[in-house]
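This report concerns only the one structure given below.
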Amino acid sequence: MSKEIKNILVVDDDIVDVMAVRRLFKRFNMGDNYMLHSAENGQEALDKLRGNGYPAIVPIPRVILLDLNMPKMNGFEFLEEMRADPNLKHIKVIVLTTSDAERDRTHAYKSNVAGYIIKPITLIQFIDAITTFSRY
């Protein structure tokens with residue numbers, strides 16, 4: 001019997017941050033259960049989720065780790081379009097950003113995010129995020 005691989009999409013324009021998330025997943029031996037995908041901005045993420053110009057991510061990710069400050073389409077623009085799409089609106093989103101601004105946090109939670117983590121991520125925050133992943 002084969003295990004079901006759960007897809008996670010990391011949407012962040014900073015390759016160092018994406019590599020840090022990959023290292024944390026490797027450190028906790030999560031590679032057998034989770035497949036990490038990445039996109040550099042919100043538009044690329046939507047295209048990968050929808051299979052527009054990229055192979056579609058199948059099965060659809062259960063969780064998206066989302067930066068807010070990105071070129072082309074930022075995190076809030078991505079959330080607005082994703083939540084309007086009936087095929088994507090159910091995906092859980094955890095914001096992973098450098099922004100500690102209360103207005104950004106409030107806006108994110110109004111956009112129905114499951115969590116808000118300030119970068120750089122600590123080990124305790126990562127463990128909390130893993131707990132969130134396991135719920136979904």
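Every chain in the structure tokens has a letter given in the order shown (A, B, ...), and although residue numbers restart at 1 in each chain, ligands are simply numbered from 1 in the order shown.
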
Each residue of stretch 60-83 of chain A lying at most 10 Å from stretch 31-40 of chain A should get a row with its shortest atom-to-atom pair and the distance in Å to one decimal, counting only C-alpha atoms; could you produce that, ordered by chain and increasing number, as a tab-separated table?
residue	atom	partner	partner_atom	distance
A:Pro61	CA	A:His37	CA	8.9
A:Arg62	CA	A:Tyr34	CA	10.0
A:Ile64	CA	A:His37	CA	9.4
A:Leu65	CA	A:Ser38	CA	9.3
A:Leu66	CA	A:Ala39	CA	9.6
A:Asp67	CA	A:Glu40	CA	9.5
A:Met70	CA	A:Glu40	CA	7.6
A:Pro71	CA	A:Glu40	CA	8.3
A:Lys72	CA	A:Glu40	CA	9.2
A:Met73	CA	A:Glu40	CA	9.5
A:Asn74	CA	A:Glu40	CA	9.9

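Scanning chain A with DSSP on the backbone, the strand (DSSP E or B) assignments fall on Lys6, Asn7, Ile8, Leu9, Val10, Val11, Tyr34, Met35, Leu36, His37, Ser38, Ala39, Val63, Ile64, Leu65, Leu66, Lys92, Val93, Ile94, Val95, Leu96, Thr97, Gly115, Tyr116, Ile117 and Ile118 of chain A.
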
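Of the residues under consideration (A:Thr97, A:Pro59, A:Tyr54, A:Lys89), A:Thr97 shows the shortest atom-to-atom contact distance to A:Val11 when counting only C-alpha atoms.
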
Can you work out the spacing between atom CA of A:Asp17 and atom CA of A:Lys110 in Å, to one decimal? 24.9 Å

Tell me, in Å to one decimal, how far atom CA of A:His90 is from atom CA of A:Gly51. 17.5 Å

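Taking atom CA of A:Arg27 as the reference point, atom CA of A:Ala56 is found at 27.2 Å.
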
Any chance you could list, as a PyMOL selection string, the residues in chain A that come up alpha helix (DSSP H) when DSSP is run on the backbone? chain A and resi 15-27+42-50+75-84+102-110+123-135

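Among the candidates A:Asn112, A:Asn41, A:Asn7, A:Asn29, the residue lying nearest to A:Glu80 is A:Asn112 (atoms considered: only C-alpha atoms).
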
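Nearest residue to A:Val21 among A:Ala108, A:Met82, A:Val58, A:Ile8 is A:Ile8, counting only C-alpha atoms.
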
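Using only C-alpha atoms, the shortest contact distance between A:Val95 and any of A:Lys6, A:Leu68, A:Ile60, A:Pro120 is found at A:Leu68.
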